[in-house]
>>> print(open('input_19.txt').read())   # compact mmCIF, N, CA and C atoms
# COMPACT_ATOMS: atom_id res chain seq x y z
N MET H 1 14.01 15.27 -4.15
CA MET H 1 12.93 14.32 -4.04
C MET H 1 11.61 15.08 -4.06
N SER H 2 10.67 14.62 -4.88
CA SER H 2 9.36 15.24 -4.90
C SER H 2 8.60 14.82 -3.64
N GLU H 3 7.75 15.71 -3.18
CA GLU H 3 6.98 15.42 -1.97
C GLU H 3 5.67 16.18 -2.04
N PRO H 4 4.69 15.77 -1.26
CA PRO H 4 3.40 16.47 -1.29
C PRO H 4 3.49 17.86 -0.67
N ILE H 5 2.54 18.68 -1.01
CA ILE H 5 2.51 20.03 -0.47
C ILE H 5 2.10 20.01 1.00
N VAL H 6 1.14 19.13 1.34
CA VAL H 6 0.61 19.04 2.70
C VAL H 6 1.27 17.86 3.42
N ALA H 7 1.57 18.02 4.67
CA ALA H 7 2.15 16.97 5.53
C ALA H 7 3.48 16.45 4.98
N ALA H 8 4.31 17.35 4.49
CA ALA H 8 5.59 16.95 3.90
C ALA H 8 6.52 16.32 4.94
N SER H 9 6.50 16.81 6.16
CA SER H 9 7.39 16.23 7.18
C SER H 9 6.98 14.80 7.52
N LEU H 10 5.68 14.53 7.58
CA LEU H 10 5.20 13.17 7.81
C LEU H 10 5.60 12.26 6.64
N PHE H 11 5.44 12.75 5.43
CA PHE H 11 5.82 12.01 4.24
C PHE H 11 7.32 11.68 4.26
N ARG H 12 8.14 12.66 4.61
CA ARG H 12 9.59 12.43 4.68
C ARG H 12 9.94 11.38 5.73
N THR H 13 9.26 11.41 6.86
CA THR H 13 9.50 10.42 7.92
C THR H 13 9.18 9.02 7.44
N VAL H 14 8.05 8.85 6.78
CA VAL H 14 7.65 7.53 6.26
C VAL H 14 8.63 7.07 5.19
N MET H 15 9.03 7.97 4.29
CA MET H 15 9.95 7.60 3.21
C MET H 15 11.34 7.25 3.76
N ALA H 16 11.77 7.96 4.79
CA ALA H 16 13.07 7.65 5.39
C ALA H 16 13.05 6.26 6.03
N ALA H 17 11.95 5.95 6.72
CA ALA H 17 11.83 4.62 7.34
C ALA H 17 11.79 3.52 6.29
N ALA H 18 11.25 3.82 5.12
CA ALA H 18 11.14 2.83 4.04
C ALA H 18 12.37 2.81 3.15
N GLY H 19 13.26 3.74 3.33
CA GLY H 19 14.42 3.82 2.46
C GLY H 19 14.06 4.28 1.06
N GLY H 20 12.93 5.00 0.93
CA GLY H 20 12.50 5.50 -0.37
C GLY H 20 11.99 4.41 -1.30
N ARG H 21 11.63 3.27 -0.75
CA ARG H 21 11.20 2.12 -1.56
C ARG H 21 9.85 1.61 -1.06
N CYS H 22 9.03 1.15 -1.99
CA CYS H 22 7.71 0.61 -1.64
C CYS H 22 7.88 -0.51 -0.63
N GLN H 23 7.05 -0.52 0.40
CA GLN H 23 7.16 -1.50 1.47
C GLN H 23 6.24 -2.71 1.29
N CYS H 24 5.64 -2.86 0.13
CA CYS H 24 4.77 -4.01 -0.12
C CYS H 24 5.61 -5.29 -0.13
N GLU H 25 5.15 -6.26 0.63
CA GLU H 25 5.85 -7.55 0.71
C GLU H 25 4.94 -8.67 0.24
N GLY H 26 4.16 -8.38 -0.79
CA GLY H 26 3.30 -9.40 -1.36
C GLY H 26 1.83 -9.21 -1.05
N GLU H 27 1.47 -8.19 -0.29
CA GLU H 27 0.06 -7.95 0.02
C GLU H 27 -0.74 -7.66 -1.25
N CYS H 28 -0.06 -7.25 -2.30
CA CYS H 28 -0.72 -6.93 -3.56
C CYS H 28 -1.04 -8.18 -4.38
N GLY H 29 -0.53 -9.31 -3.96
CA GLY H 29 -0.77 -10.54 -4.70
C GLY H 29 0.43 -10.99 -5.52
N GLN H 30 1.43 -10.13 -5.65
CA GLN H 30 2.65 -10.51 -6.35
C GLN H 30 3.70 -10.92 -5.33
N ALA H 31 4.49 -11.90 -5.71
CA ALA H 31 5.51 -12.40 -4.78
C ALA H 31 6.73 -11.48 -4.71
N HIS H 32 6.91 -10.61 -5.69
CA HIS H 32 8.10 -9.75 -5.78
C HIS H 32 9.36 -10.60 -5.63
N ALA H 33 9.37 -11.74 -6.30
CA ALA H 33 10.44 -12.73 -6.17
C ALA H 33 11.80 -12.21 -6.66
N LYS H 34 11.79 -11.33 -7.64
CA LYS H 34 13.06 -10.83 -8.18
C LYS H 34 13.73 -9.81 -7.27
N SER H 35 13.02 -9.37 -6.25
CA SER H 35 13.58 -8.34 -5.36
C SER H 35 13.46 -8.74 -3.89
N GLU H 36 13.79 -9.99 -3.59
CA GLU H 36 13.80 -10.53 -2.23
C GLU H 36 12.47 -10.36 -1.49
N GLY H 37 11.35 -10.45 -2.20
CA GLY H 37 10.04 -10.42 -1.56
C GLY H 37 9.49 -9.05 -1.25
N ARG H 38 10.16 -8.00 -1.70
CA ARG H 38 9.68 -6.64 -1.47
C ARG H 38 9.63 -5.91 -2.80
N CYS H 39 8.61 -5.11 -2.99
CA CYS H 39 8.44 -4.38 -4.25
C CYS H 39 9.71 -3.55 -4.54
N PRO H 40 10.20 -3.60 -5.77
CA PRO H 40 11.44 -2.89 -6.09
C PRO H 40 11.26 -1.42 -6.45
N ARG H 41 10.03 -0.93 -6.51
CA ARG H 41 9.82 0.45 -6.96
C ARG H 41 10.32 1.46 -5.93
N GLU H 42 11.05 2.45 -6.44
CA GLU H 42 11.60 3.50 -5.58
C GLU H 42 11.02 4.85 -5.97
N HIS H 43 10.92 5.72 -4.99
CA HIS H 43 10.34 7.05 -5.20
C HIS H 43 11.16 7.85 -6.21
N ASP H 44 10.46 8.46 -7.15
CA ASP H 44 11.04 9.30 -8.22
C ASP H 44 11.91 8.54 -9.22
N GLN H 45 11.89 7.21 -9.18
CA GLN H 45 12.63 6.42 -10.15
C GLN H 45 11.64 5.84 -11.16
N TYR H 46 12.15 5.46 -12.31
CA TYR H 46 11.30 4.91 -13.36
C TYR H 46 11.12 3.41 -13.15
N ALA H 47 9.86 2.93 -13.23
CA ALA H 47 9.56 1.51 -13.08
C ALA H 47 9.91 0.76 -14.36
N SER H 48 9.76 1.43 -15.50
CA SER H 48 10.11 0.83 -16.79
C SER H 48 10.36 1.95 -17.78
N LYS H 49 10.85 1.59 -18.94
CA LYS H 49 11.14 2.63 -19.92
C LYS H 49 9.88 3.17 -20.59
N HIS H 50 8.73 2.53 -20.33
CA HIS H 50 7.48 2.97 -20.94
C HIS H 50 6.56 3.72 -19.98
N SER H 51 7.02 3.99 -18.79
CA SER H 51 6.18 4.70 -17.83
C SER H 51 6.96 5.84 -17.20
N GLY H 52 6.23 6.73 -16.58
CA GLY H 52 6.86 7.86 -15.92
C GLY H 52 7.44 7.46 -14.57
N PRO H 53 7.96 8.42 -13.84
CA PRO H 53 8.55 8.10 -12.53
C PRO H 53 7.48 7.65 -11.53
N VAL H 54 7.90 6.79 -10.63
CA VAL H 54 7.01 6.28 -9.59
C VAL H 54 6.93 7.32 -8.48
N ARG H 55 5.71 7.62 -8.06
CA ARG H 55 5.50 8.52 -6.94
C ARG H 55 4.92 7.70 -5.79
N LEU H 56 5.75 7.38 -4.84
CA LEU H 56 5.28 6.62 -3.68
C LEU H 56 4.36 7.49 -2.84
N MET H 57 3.51 6.84 -2.09
CA MET H 57 2.61 7.57 -1.20
C MET H 57 2.70 6.98 0.20
N ALA H 58 2.48 7.82 1.16
CA ALA H 58 2.42 7.37 2.56
C ALA H 58 0.96 7.06 2.83
N ALA H 59 0.64 5.77 2.93
CA ALA H 59 -0.75 5.35 3.13
C ALA H 59 -0.80 4.39 4.32
N ALA H 60 -1.99 4.10 4.76
CA ALA H 60 -2.17 3.23 5.93
C ALA H 60 -1.54 1.87 5.70
N ALA H 61 -0.94 1.32 6.73
CA ALA H 61 -0.34 -0.01 6.65
C ALA H 61 -1.41 -1.06 6.35
N ASP H 62 -2.61 -0.86 6.88
CA ASP H 62 -3.74 -1.74 6.59
C ASP H 62 -4.52 -1.11 5.44
N PRO H 63 -4.52 -1.74 4.26
CA PRO H 63 -5.18 -1.13 3.11
C PRO H 63 -6.68 -0.95 3.26
N LEU H 64 -7.31 -1.62 4.23
CA LEU H 64 -8.75 -1.47 4.44
C LEU H 64 -9.11 -0.27 5.30
N THR H 65 -8.12 0.41 5.83
CA THR H 65 -8.39 1.60 6.65
C THR H 65 -9.03 2.67 5.77
N PRO H 66 -10.20 3.18 6.17
CA PRO H 66 -10.84 4.25 5.39
C PRO H 66 -9.93 5.48 5.28
N ASP H 67 -10.03 6.17 4.17
CA ASP H 67 -9.16 7.31 3.91
C ASP H 67 -9.26 8.39 4.99
N CYS H 68 -10.46 8.63 5.51
CA CYS H 68 -10.61 9.67 6.54
C CYS H 68 -9.89 9.28 7.83
N GLN H 69 -9.82 7.99 8.13
CA GLN H 69 -9.09 7.54 9.32
C GLN H 69 -7.59 7.50 9.03
N ALA H 70 -7.22 7.13 7.83
CA ALA H 70 -5.80 7.06 7.46
C ALA H 70 -5.15 8.44 7.51
N ALA H 71 -5.92 9.48 7.22
CA ALA H 71 -5.38 10.84 7.23
C ALA H 71 -4.96 11.27 8.63
N ALA H 72 -5.51 10.64 9.65
CA ALA H 72 -5.20 11.01 11.03
C ALA H 72 -4.11 10.13 11.64
N LEU H 73 -3.60 9.15 10.90
CA LEU H 73 -2.58 8.25 11.45
C LEU H 73 -1.23 8.93 11.60
N SER H 74 -0.46 8.43 12.55
CA SER H 74 0.91 8.92 12.73
C SER H 74 1.82 8.12 11.79
N ALA H 75 3.08 8.46 11.77
CA ALA H 75 4.03 7.79 10.88
C ALA H 75 4.14 6.30 11.17
N SER H 76 3.92 5.90 12.41
CA SER H 76 4.03 4.48 12.76
C SER H 76 2.90 3.65 12.15
N GLY H 77 1.79 4.28 11.81
CA GLY H 77 0.66 3.57 11.21
C GLY H 77 0.64 3.65 9.70
N LEU H 78 1.67 4.28 9.12
CA LEU H 78 1.74 4.46 7.68
C LEU H 78 2.88 3.65 7.07
N ARG H 79 2.76 3.35 5.80
CA ARG H 79 3.81 2.67 5.04
C ARG H 79 3.97 3.36 3.71
N ALA H 80 5.11 3.19 3.10
CA ALA H 80 5.35 3.70 1.76
C ALA H 80 4.79 2.67 0.77
N TRP H 81 3.92 3.11 -0.10
CA TRP H 81 3.29 2.24 -1.10
C TRP H 81 3.44 2.86 -2.48
N CYS H 82 3.69 2.04 -3.48
CA CYS H 82 3.55 2.53 -4.86
C CYS H 82 2.06 2.42 -5.17
N PRO H 83 1.53 3.25 -6.04
CA PRO H 83 0.09 3.21 -6.31
C PRO H 83 -0.41 1.85 -6.78
N GLN H 84 0.37 1.14 -7.59
CA GLN H 84 -0.06 -0.16 -8.10
C GLN H 84 -0.20 -1.18 -6.97
N CYS H 85 0.77 -1.25 -6.09
CA CYS H 85 0.70 -2.20 -4.97
C CYS H 85 -0.42 -1.85 -4.02
N PHE H 86 -0.61 -0.57 -3.72
CA PHE H 86 -1.65 -0.19 -2.77
C PHE H 86 -3.03 -0.54 -3.31
N THR H 87 -3.27 -0.23 -4.58
CA THR H 87 -4.56 -0.53 -5.19
C THR H 87 -4.82 -2.03 -5.19
N ALA H 88 -3.82 -2.82 -5.58
CA ALA H 88 -3.98 -4.27 -5.62
C ALA H 88 -4.13 -4.85 -4.21
N ALA H 89 -3.40 -4.32 -3.24
CA ALA H 89 -3.51 -4.80 -1.86
C ALA H 89 -4.90 -4.48 -1.29
N ARG H 90 -5.42 -3.31 -1.60
CA ARG H 90 -6.76 -2.94 -1.13
C ARG H 90 -7.81 -3.87 -1.74
N ARG H 91 -7.71 -4.11 -3.04
CA ARG H 91 -8.66 -5.03 -3.69
C ARG H 91 -8.58 -6.43 -3.09
N SER H 92 -7.37 -6.91 -2.90
CA SER H 92 -7.17 -8.25 -2.34
C SER H 92 -7.75 -8.35 -0.93
N ALA H 93 -7.51 -7.34 -0.11
CA ALA H 93 -8.04 -7.33 1.26
C ALA H 93 -9.56 -7.23 1.26
N GLN H 94 -10.13 -6.48 0.34
CA GLN H 94 -11.59 -6.38 0.24
C GLN H 94 -12.20 -7.71 -0.17
N ARG H 95 -11.57 -8.41 -1.11
CA ARG H 95 -12.07 -9.73 -1.51
C ARG H 95 -12.02 -10.71 -0.35
N ARG H 96 -10.91 -10.69 0.41
CA ARG H 96 -10.80 -11.59 1.55
C ARG H 96 -11.85 -11.30 2.61
N SER H 97 -12.08 -10.03 2.90
CA SER H 97 -13.06 -9.69 3.94
C SER H 97 -14.48 -9.95 3.46
N ALA H 98 -14.74 -9.82 2.17
CA ALA H 98 -16.08 -10.09 1.65
C ALA H 98 -16.39 -11.58 1.64
N SER H 99 -15.37 -12.40 1.44
CA SER H 99 -15.61 -13.84 1.38
C SER H 99 -15.68 -14.48 2.76
N ALA H 100 -15.17 -13.82 3.77
CA ALA H 100 -15.22 -14.36 5.13
C ALA H 100 -16.61 -14.11 5.71
N PRO H 101 -17.22 -15.11 6.32
CA PRO H 101 -18.55 -14.89 6.90
C PRO H 101 -18.46 -13.95 8.09
N SER H 102 -19.44 -13.10 8.21
CA SER H 102 -19.45 -12.19 9.35
C SER H 102 -19.88 -12.94 10.60
N ALA H 103 -19.57 -12.41 11.75
CA ALA H 103 -19.84 -13.08 13.03
C ALA H 103 -21.33 -13.27 13.27
N ASP H 104 -22.15 -12.34 12.78
CA ASP H 104 -23.58 -12.45 13.04
C ASP H 104 -24.26 -13.49 12.14
N GLN H 105 -23.57 -14.00 11.12
CA GLN H 105 -24.15 -15.01 10.24
C GLN H 105 -23.61 -16.41 10.50
N CYS H 106 -22.68 -16.56 11.39
CA CYS H 106 -22.05 -17.86 11.60
C CYS H 106 -23.05 -18.93 12.05
N GLY H 107 -24.04 -18.60 12.82
CA GLY H 107 -24.98 -19.59 13.31
C GLY H 107 -26.30 -19.58 12.56
N LEU H 108 -26.34 -18.99 11.41
CA LEU H 108 -27.59 -18.81 10.68
C LEU H 108 -28.29 -20.13 10.38
N PHE H 109 -27.55 -21.14 9.97
CA PHE H 109 -28.17 -22.40 9.60
C PHE H 109 -27.87 -23.54 10.58
N ASP H 110 -27.36 -23.22 11.74
CA ASP H 110 -27.11 -24.24 12.75
C ASP H 110 -28.45 -24.71 13.34
N LEU H 111 -28.54 -25.99 13.58
CA LEU H 111 -29.78 -26.54 14.16
C LEU H 111 -29.63 -26.75 15.63
>>> encode(input="input_19.txt", output="structure tokens")
Amino acid sequence: MSEPIVAASLFRTVMAAAGGRCQCEGECGQAHAKSEGRCPREHDQYASKHSGPVRLMAAAADPLTPDCQAAALSASGLRAWCPQCFTAARRSAQRRSASAPSADQCGLFDL
């Protein structure tokens, strides 16, 4: 199994907990209906015949966590993500947080 040069033991712990499979359960916007609601991509396996092997990453369970804070998380705060799901989940979470009114603006137009 391929693994990163840095923090390999942490990566192995996260991958073992995930069973070597992306842990996205629709946060990316896809239902993953063909694979019981969970992304079917597995580490070092091919996603399709037209792409290279999938390299899962151990990233923050909350896609909005800044990278500098995610680097300090323990294995319990990390999940196995394929790059496509993580990118889509981060975009989706950013759109949701941008569309929600902030607490300091809630009473802006109240009379």
>>> closest_residue(input="input_19.txt", among="H:Ala71, H:Cys24, H:Ala31, H:Ala61", to="Cys85 (chain H)", atoms="all atoms listed in the file")
H:Cys24
>>> closest_atom_pairs(input="input_19.txt", of="region 65-86 of chain H", to="region 39-60 of chain H", cutoff="6 Å", atoms="only N, CA and C atoms", output="Markdown table")
| residue | atom | partner | partner_atom | distance |
| --- | --- | --- | --- | --- |
| H:Ala70 | CA | H:Ala60 | CA | 5.5 |
| H:Gly77 | C | H:Ala60 | CA | 4.7 |
| H:Leu78 | CA | H:Ala59 | C | 4.2 |
| H:Arg79 | N | H:Ala59 | C | 4.0 |
| H:Ala80 | CA | H:Met57 | C | 4.5 |
| H:Trp81 | C | H:Met57 | N | 4.0 |
| H:Cys82 | CA | H:Leu56 | CA | 4.6 |
| H:Pro83 | N | H:Leu56 | CA | 5.6 |
>>> closest_residue(input="input_19.txt", among="H:Thr65, H:Ser76, H:Ser97, H:Gln84", to="Val14 (chain H)", atoms="only C-alpha atoms")
H:Ser76
>>> atom_distance(input="input_19.txt", atom1="CA of Cys68 (chain H)", atom2="atom N of Arg38 (chain H)")
28.5 Å
>>> atom_distance(input="input_19.txt", atom1="CA of Ala7 (chain H)", atom2="atom C of Pro63 (chain H)")
20.1 Å
>>> closest_residue(input="input_19.txt", among="H:Gly37, H:Leu73, H:Leu10, H:Ser99", to="Cys22 (chain H)", atoms="only C-alpha atoms")
H:Gly37
>>> decode(input="input_19.txt", residues="region 25-40 of chain H", atoms="all heavy atoms", output="short mmCIF file (atom, residue, chain, number, x, y, z; two decimals), in the first residue's frame")
data_model
loop_
_atom_site.label_atom_id
_atom_site.label_comp_id
_atom_site.auth_asym_id
_atom_site.auth_seq_id
_atom_site.Cartn_x
_atom_site.Cartn_y
_atom_site.Cartn_z
N GLU H 25 -20.03 9.87 2.68
CA GLU H 25 -21.38 9.31 2.67
C GLU H 25 -22.36 10.30 2.07
O GLU H 25 -23.48 10.42 2.52
CB GLU H 25 -21.79 8.91 4.09
CG GLU H 25 -20.93 7.81 4.65
CD GLU H 25 -21.25 7.48 6.09
OE1 GLU H 25 -21.72 8.38 6.83
OE2 GLU H 25 -21.01 6.33 6.47
N GLY H 26 -21.92 11.01 1.05
CA GLY H 26 -22.79 11.94 0.36
C GLY H 26 -22.49 13.40 0.65
O GLY H 26 -23.15 14.28 0.10
N GLU H 27 -21.51 13.69 1.48
CA GLU H 27 -21.15 15.07 1.76
C GLU H 27 -20.68 15.79 0.50
O GLU H 27 -20.75 17.01 0.43
CB GLU H 27 -20.04 15.16 2.82
CG GLU H 27 -20.43 14.63 4.18
CD GLU H 27 -20.16 13.14 4.37
OE1 GLU H 27 -19.82 12.45 3.39
OE2 GLU H 27 -20.33 12.69 5.51
N CYS H 28 -20.26 15.04 -0.49
CA CYS H 28 -19.77 15.61 -1.74
C CYS H 28 -20.91 16.02 -2.67
O CYS H 28 -20.69 16.67 -3.69
CB CYS H 28 -18.87 14.63 -2.46
SG CYS H 28 -19.72 13.14 -3.03
N GLY H 29 -22.12 15.64 -2.34
CA GLY H 29 -23.26 15.96 -3.18
C GLY H 29 -23.76 14.78 -4.00
O GLY H 29 -24.83 14.85 -4.60
N GLN H 30 -22.99 13.70 -4.02
CA GLN H 30 -23.43 12.49 -4.72
C GLN H 30 -24.03 11.53 -3.70
O GLN H 30 -23.54 11.42 -2.58
CB GLN H 30 -22.26 11.81 -5.42
CG GLN H 30 -21.70 12.61 -6.57
CD GLN H 30 -20.64 11.81 -7.32
OE1 GLN H 30 -20.39 10.65 -7.03
NE2 GLN H 30 -20.00 12.45 -8.28
N ALA H 31 -25.04 10.82 -4.14
CA ALA H 31 -25.71 9.88 -3.23
C ALA H 31 -24.93 8.59 -3.04
O ALA H 31 -25.14 7.86 -2.08
CB ALA H 31 -27.11 9.56 -3.74
N HIS H 32 -24.00 8.29 -3.93
CA HIS H 32 -23.26 7.02 -3.91
C HIS H 32 -24.24 5.85 -3.80
O HIS H 32 -24.02 4.91 -3.02
CB HIS H 32 -22.25 6.98 -2.78
CG HIS H 32 -21.20 8.05 -2.85
ND1 HIS H 32 -20.35 8.21 -3.91
CD2 HIS H 32 -20.88 9.06 -1.97
CE1 HIS H 32 -19.54 9.24 -3.69
NE2 HIS H 32 -19.85 9.77 -2.53
N ALA H 33 -25.31 5.93 -4.56
CA ALA H 33 -26.41 4.96 -4.48
C ALA H 33 -25.99 3.54 -4.88
O ALA H 33 -26.51 2.57 -4.35
CB ALA H 33 -27.58 5.41 -5.35
N LYS H 34 -25.04 3.43 -5.78
CA LYS H 34 -24.62 2.09 -6.24
C LYS H 34 -23.75 1.37 -5.22
O LYS H 34 -23.47 0.19 -5.38
CB LYS H 34 -23.88 2.20 -7.56
CG LYS H 34 -24.75 2.66 -8.71
CD LYS H 34 -23.97 2.70 -10.00
CE LYS H 34 -24.85 3.16 -11.15
NZ LYS H 34 -24.10 3.22 -12.40
N SER H 35 -23.32 2.07 -4.20
CA SER H 35 -22.43 1.45 -3.21
C SER H 35 -22.94 1.67 -1.78
O SER H 35 -22.16 1.99 -0.89
CB SER H 35 -21.01 1.99 -3.37
OG SER H 35 -21.02 3.40 -3.27
N GLU H 36 -24.23 1.47 -1.58
CA GLU H 36 -24.88 1.57 -0.27
C GLU H 36 -24.64 2.90 0.44
O GLU H 36 -24.50 2.95 1.66
CB GLU H 36 -24.45 0.41 0.65
CG GLU H 36 -24.91 -0.95 0.19
CD GLU H 36 -23.89 -1.62 -0.73
OE1 GLU H 36 -22.68 -1.44 -0.52
OE2 GLU H 36 -24.33 -2.30 -1.66
N GLY H 37 -24.56 4.00 -0.30
CA GLY H 37 -24.46 5.32 0.29
C GLY H 37 -23.07 5.75 0.70
O GLY H 37 -22.89 6.79 1.32
N ARG H 38 -22.06 4.97 0.36
CA ARG H 38 -20.68 5.33 0.69
C ARG H 38 -19.84 5.25 -0.58
O ARG H 38 -20.02 4.36 -1.39
CB ARG H 38 -20.12 4.37 1.75
CG ARG H 38 -18.72 4.73 2.20
CD ARG H 38 -18.29 3.85 3.35
NE ARG H 38 -16.86 3.96 3.56
CZ ARG H 38 -16.15 3.14 4.28
NH1 ARG H 38 -16.75 2.12 4.89
NH2 ARG H 38 -14.86 3.29 4.43
N CYS H 39 -18.93 6.18 -0.73
CA CYS H 39 -18.09 6.23 -1.92
C CYS H 39 -17.37 4.88 -2.11
O CYS H 39 -16.82 4.33 -1.16
CB CYS H 39 -17.06 7.35 -1.78
SG CYS H 39 -15.95 7.50 -3.20
N PRO H 40 -17.36 4.35 -3.32
CA PRO H 40 -16.76 3.04 -3.54
C PRO H 40 -15.25 3.06 -3.78
O PRO H 40 -14.63 2.00 -3.88
CB PRO H 40 -17.47 2.56 -4.81
CG PRO H 40 -17.76 3.81 -5.56
CD PRO H 40 -18.08 4.83 -4.50
#
